[in-house]
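**Student:** Next up is a structure, given as structure tokens.
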Amino acid sequence: MTTVAVKPATMAQALTRALRDAMADDPAVHVMGEDVGTLGGVFRVTDGLTKEFGEDRCTDTPLAEAGILGTAVGMAMYGLRPVVEMQFDAFAYPAFEQLISHVSRMRNRTRGRMPLPITVRVPYGGGIGGVEHHSDSSEAYYLATPGLHVVTPATVADAYGLLRQAIASDDPVVFLEPKRLYWSKDTWNPEQPTQVEPIGRAVVRRPGRSATLITYGPSLPVCLEAAEAARAEGWDLEVVDLRSLVPFDDETVCAAVRRTGRAVVVHESTGFGGPGGEIAARIAERCFHHLEAPVLRVAGFDIPYPPPMLERHHLPGVDRILDAVARLQWEAEG
Amino acid sequence: MTVMEQRGAYRPSPPPAWQPRMDPAPLLPDAEPYRVLGTEAAAKADPDLLIRLYAQLVRGRRYNTQATALTKQGRLAVYPSSTGQEACEVAAALALEERDWLFPSYRDTLAVVARGVDPVEALTLLRGDWHNGYDPRTHRVAPLSTPLATQLPHAVGLAHAARLKGDDVVALALVGDGGTSEGDFHEALNFAAVWQAPVVFLVQNNGFAISVPLAKQTAAPSLAHKAVGYGMPGRLVDGNDAAAVHEVLADAVRHARAGGGPTLVEAVTYRMDAHTNADDATRYRADAEVEAWRAHDPIELLEAELTARGLLDQPAIEAARQDAEEMAADLRDRMNRDPELDPMALFDHVYAETTAQLREQRALLRAELEAEQEQHGEPEGGIR
Ligand SMILES: Cc1ncc(C[n+]2csc(CCOP(=O)(O)OP(=O)(O)O)c2C)c(N)n1
């Protein structure tokens, strides 16, 4: 019998390993972005790649996000599989023109003749004390653009598995990395690192019967903590990790909501026009007769992301989630 | 035959009447960065100006070390030091008239302070209690811009608007070497040249964009060369020579004010500290390179010039340092006090009139804070 080394690893380390393994397996995989080479990225996710694969495979580009993604389009047109890094959520905005006007719709425009296997890695979200423009949750902008996969891991194993799948995908994937989980640790089996559910499947991280929390990325640990805390109140909360916003796993989400009859969607990005609205609407459309209460949303406020000293008031925390759950109970009685 | 070999045949010959719209030669920068200190040009420099520059340089250096120390004490979220680049910062502020505008990036706190903004207000963004601490209109200083080069088109628009209104106002926009790769940089330069807007672009070429050296940023002979393609003059200057930077900027500002249009100035300098306190510069550059630049320190260059000309003696140097110490002590004292935080302010100023939706969210936060207060007794900042 072989014993597998199960060691603690951080999410950042798992992402690095995914990039490394993808590059080793397929010479078409190229990593590019600002500071990804010598420095190894500002979060060190690309650490060591230039050393191992050379500057042509892991490239420090000029500082221009539209240029980075635009040239990646051309590289993908010629058969490469670019993995580009946007340094921070809000610094991806200059690349939106390329993303929306070309990356997302090249397959459709060309009737399937020109797919673009590009992975766009975007560190996103708050909670790290970053100053202005370093904490945006931009997932709603990506979701609103047909043609893009939108994926976000919340565990170390998913970080590796989902990134490998994203790079292997023949469609463009916006790979949102919850930067406040970069240093989160988990025991992880690097011998069997790909053993995760495929992109497009949600996972029940904690089974429960009172209500279902539906979440993803940076809010998953907060929801798990809330579920622990809820035990004291006699509530048994279920927690669903979406993992992928596009494609959306209606099946897992609806099965979970049908079991409990109550649902709260939790995310950092704004509530109005945010992903929670879409998710709540889908649940209402599919599970209306199973619902004991309206689907609630616990989201960031509808304000520009606040400065670091105030961000804790903005981010959905355990108490705000439990308050929402309490409102669900009340709705059920009244 | 390759396309390159066929190039002559491919390129259509110009029509008979064709002439370049202008001779690019006068737009081209000098081959060497322009210097004043330690050269014959120094004799022409105004002694009063040099002394003012010196005082501001000394204050600026002290400001940088103080802000860096505050970062270590957790008083600032982050600080991008401009140590080594003080000459650019100070000259930028002093080249402007009061009615002119400054468009800084996140590294340009010193220029903002030298322009008269309160040192604590200039640090608000980096402390993290609000995104911007000062009133841009009062000081004619735009907010420090974090997204790179995005402030440059604003500077062009403002300068253009001022001209449309008949005001002789100039805008000075600061950007780093890395920022010159962004599309916004190129669009701003093009608009400025086409509109002949009274704007001056100052590139502080400090060698690196975080870890990426200039050679990986551009293939141009210099960043000042980029001006030519847009139809504006490019000027190359020693960014550690405060007198030279001031002279070149003052010329460009005068030229813009007189209706001559924009100028791109590249100041060659060096970032002595890491990109920010969060960065590890040993990963991408050798100590020897940093040490070589230490011998070209902007304060020492000016001090040597002023001392040689008898404009500065030891007591005067001490006085400048004393003044800087007082500024630093005041900054330290005021930054060591916890800023007054009002969580309810999150909902202010999102719109001119707070929407019903935001009023609802405000009420939710208020209820949460009151519950928190009941539990812990301690009020968390003034709740309105
Ligand atoms: C649009 C955008 N992309 C990326 C970043 C992240 N970033 C912050 S500073 C920096 C390097 C900037 O270098 P440079 O323009 O040379 O200015 P310096 O910091 O050297 O003053 C980068 C990549 C940003 N702030 N904005």
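So you can find residues: chains in the structure tokens are A, B, ... in the order shown, residues in each start at 1, and ligands are numbered from 1 in order.
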Would you list which chain B residues are within 8 Å of chain A using only C-alpha atoms, as a ChimeraX atom specification?

**Tutor:** /B:77-78,125-126,128-131,146-147,178-183,209-212,216-218,279,283-284,341,343,346-347,350,358,361,365

**Student:** If you run DSSP on the backbone here, which positions in region 125-295 of chain B get strand (DSSP E or B)? Please write them as a ChimeraX atom specification.

**Tutor:** /B:141,145,171-176,199-205,208-209,212-213,234-238,263-268

**Student:** Can you write out the residues you just picked, keeping N, CA and C atoms, as a CSV table (one decimal), in the first residue's frame?

**Tutor:**
chain,number,residue,atom,x,y,z
B,141,VAL,N,-5.6,70.3,-6.6
B,141,VAL,CA,-4.9,69.1,-6.6
B,141,VAL,C,-5.9,67.9,-6.8
B,145,SER,N,-4.2,59.2,-7.6
B,145,SER,CA,-4.8,58.2,-8.5
B,145,SER,C,-4.1,56.8,-8.3
B,171,ALA,N,-2.2,72.5,-16.4
B,171,ALA,CA,-2.3,71.2,-15.6
B,171,ALA,C,-1.0,70.5,-15.8
B,172,LEU,N,-0.5,70.0,-14.6
B,172,LEU,CA,0.7,69.2,-14.6
B,172,LEU,C,0.3,67.8,-14.1
B,173,ALA,N,0.6,66.8,-14.9
B,173,ALA,CA,0.2,65.4,-14.6
B,173,ALA,C,1.4,64.6,-14.4
B,174,LEU,N,1.4,63.8,-13.3
B,174,LEU,CA,2.6,63.0,-12.9
B,174,LEU,C,2.3,61.5,-13.2
B,175,VAL,N,3.2,60.8,-13.7
B,175,VAL,CA,3.1,59.4,-14.0
B,175,VAL,C,4.4,58.7,-13.9
B,176,GLY,N,4.4,57.4,-13.6
B,176,GLY,CA,5.6,56.6,-13.5
B,176,GLY,C,6.0,56.0,-14.9
B,199,VAL,N,-1.1,71.5,-21.0
B,199,VAL,CA,-0.8,70.5,-20.0
B,199,VAL,C,0.6,70.0,-20.1
B,200,VAL,N,1.2,69.7,-19.0
B,200,VAL,CA,2.6,69.2,-19.0
B,200,VAL,C,2.6,67.8,-18.3
B,201,PHE,N,3.2,66.8,-19.0
B,201,PHE,CA,3.3,65.5,-18.5
B,201,PHE,C,4.7,65.3,-17.9
B,202,LEU,N,4.7,64.9,-16.6
B,202,LEU,CA,6.0,64.6,-16.1
B,202,LEU,C,6.1,63.1,-15.8
B,203,VAL,N,7.0,62.4,-16.5
B,203,VAL,CA,7.2,61.0,-16.2
B,203,VAL,C,8.4,60.9,-15.2
B,204,GLN,N,8.1,60.3,-14.0
B,204,GLN,CA,9.2,60.0,-13.1
B,204,GLN,C,9.7,58.6,-13.4
B,205,ASN,N,10.8,58.6,-14.2
B,205,ASN,CA,11.3,57.3,-14.6
B,205,ASN,C,12.3,56.8,-13.5
B,208,PHE,N,11.9,51.3,-12.3
B,208,PHE,CA,11.1,50.0,-12.1
B,208,PHE,C,9.6,50.3,-12.1
B,209,ALA,N,8.8,49.4,-12.6
B,209,ALA,CA,7.4,49.3,-12.3
B,209,ALA,C,7.2,48.1,-11.4
B,212,VAL,N,9.5,45.3,-12.6
B,212,VAL,CA,9.8,45.3,-14.0
B,212,VAL,C,10.7,46.4,-14.4
B,213,PRO,N,11.9,46.2,-14.9
B,213,PRO,CA,12.8,47.3,-15.3
B,213,PRO,C,12.4,47.9,-16.6
B,234,GLY,N,9.5,66.5,-26.5
B,234,GLY,CA,9.9,65.6,-25.4
B,234,GLY,C,11.2,66.2,-24.8
B,235,ARG,N,11.2,66.2,-23.5
B,235,ARG,CA,12.4,66.7,-22.8
B,235,ARG,C,12.9,65.7,-21.8
B,236,LEU,N,14.2,65.5,-21.8
B,236,LEU,CA,14.9,64.5,-20.9
B,236,LEU,C,15.7,65.3,-19.9
B,237,VAL,N,15.5,65.0,-18.6
B,237,VAL,CA,16.1,65.8,-17.6
B,237,VAL,C,16.6,64.8,-16.4
B,238,ASP,N,17.7,65.2,-15.8
B,238,ASP,CA,18.2,64.5,-14.6
B,238,ASP,C,17.2,64.7,-13.5
B,263,THR,N,3.8,69.4,-23.3
B,263,THR,CA,5.2,68.9,-23.4
B,263,THR,C,5.2,67.6,-22.5
B,264,LEU,N,6.0,66.7,-23.0
B,264,LEU,CA,6.3,65.5,-22.2
B,264,LEU,C,7.7,65.6,-21.6
B,265,VAL,N,7.8,65.6,-20.3
B,265,VAL,CA,9.1,65.6,-19.7
B,265,VAL,C,9.4,64.3,-19.0
B,266,GLU,N,10.5,63.7,-19.3
B,266,GLU,CA,11.0,62.5,-18.6
B,266,GLU,C,12.1,62.9,-17.7
B,267,ALA,N,11.9,62.6,-16.4
B,267,ALA,CA,12.9,62.8,-15.4
B,267,ALA,C,13.5,61.5,-15.0
B,268,VAL,N,14.8,61.4,-15.2
B,268,VAL,CA,15.5,60.1,-14.9
B,268,VAL,C,15.9,60.1,-13.5

**Student:** List the neighbours of region 311-316 of chain B out to 8 Å using only C-alpha atoms; skip same-chain residues closer than 4 positions along the sequence, and give me the result as number ranges by chain.

**Tutor:** B: 47, 51, 303, 306-307, 320

**Student:** Write out the residues from the selection above, keeping N, CA and C atoms, as a short mmCIF file (atom, residue, chain, number, x, y, z; two decimals), in the first residue's frame.

**Tutor:**
data_model
loop_
_atom_site.label_atom_id
_atom_site.label_comp_id
_atom_site.auth_asym_id
_atom_site.auth_seq_id
_atom_site.Cartn_x
_atom_site.Cartn_y
_atom_site.Cartn_z
N PRO B 47 19.23 82.01 -6.94
CA PRO B 47 19.62 81.50 -5.61
C PRO B 47 18.41 81.29 -4.68
N ILE B 51 17.32 77.76 -2.84
CA ILE B 51 17.18 77.61 -1.39
C ILE B 51 15.79 77.09 -1.04
N GLU B 303 22.86 70.43 -2.09
CA GLU B 303 23.62 70.94 -0.95
C GLU B 303 25.03 71.31 -1.37
N LEU B 306 24.91 74.60 -3.39
CA LEU B 306 24.62 75.76 -2.56
C LEU B 306 25.79 76.09 -1.64
N THR B 307 26.43 75.05 -1.12
CA THR B 307 27.57 75.28 -0.22
C THR B 307 28.73 75.90 -1.00
N ALA B 320 17.32 73.95 8.27
CA ALA B 320 16.43 73.22 7.36
C ALA B 320 16.05 71.88 7.97
#

**Student:** From the DSSP assignment of the backbone, select every residue of region 33-260 of chain A that is alpha helix (DSSP H), and format the answer as a ChimeraX atom specification.

**Tutor:** /A:49-53,65-77,96-98,106-109,139-143,156-168,220-230,250-260

**Student:** Suppose you want the space between CA of Gln192 (chain A) and CA of Ala159 (chain A); what is it in Å?

**Tutor:**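 A separation of 13.4 Å between them.
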
**Student:** Please report the interatomic distance between CA of Pro207 (chain A) and CA of Asp236 (chain A) in Å with one decimal.

**Tutor:**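 Going from CA of Pro207 (chain A) over to CA of Asp236 (chain A), I get 8.2 Å.
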
**Student:** List as a PyMOL selection string the protein and nucleic acid residues near Val204 (chain A), meaning an atom at most 7 Å away when only C-alpha atoms are counted, but skip any in the same chain fewer than 4 places from it.

**Tutor:** chain A and resi 239-241

**Student:** Can you work out which one of A:Tyr78, A:Trp183, A:Phe88, A:Phe288 has the shortest atom-to-atom distance to ligand 1, counting only C-alpha atoms and all ligand atoms?

**Tutor:**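 The closest residue to ligand 1 is A:Phe88.
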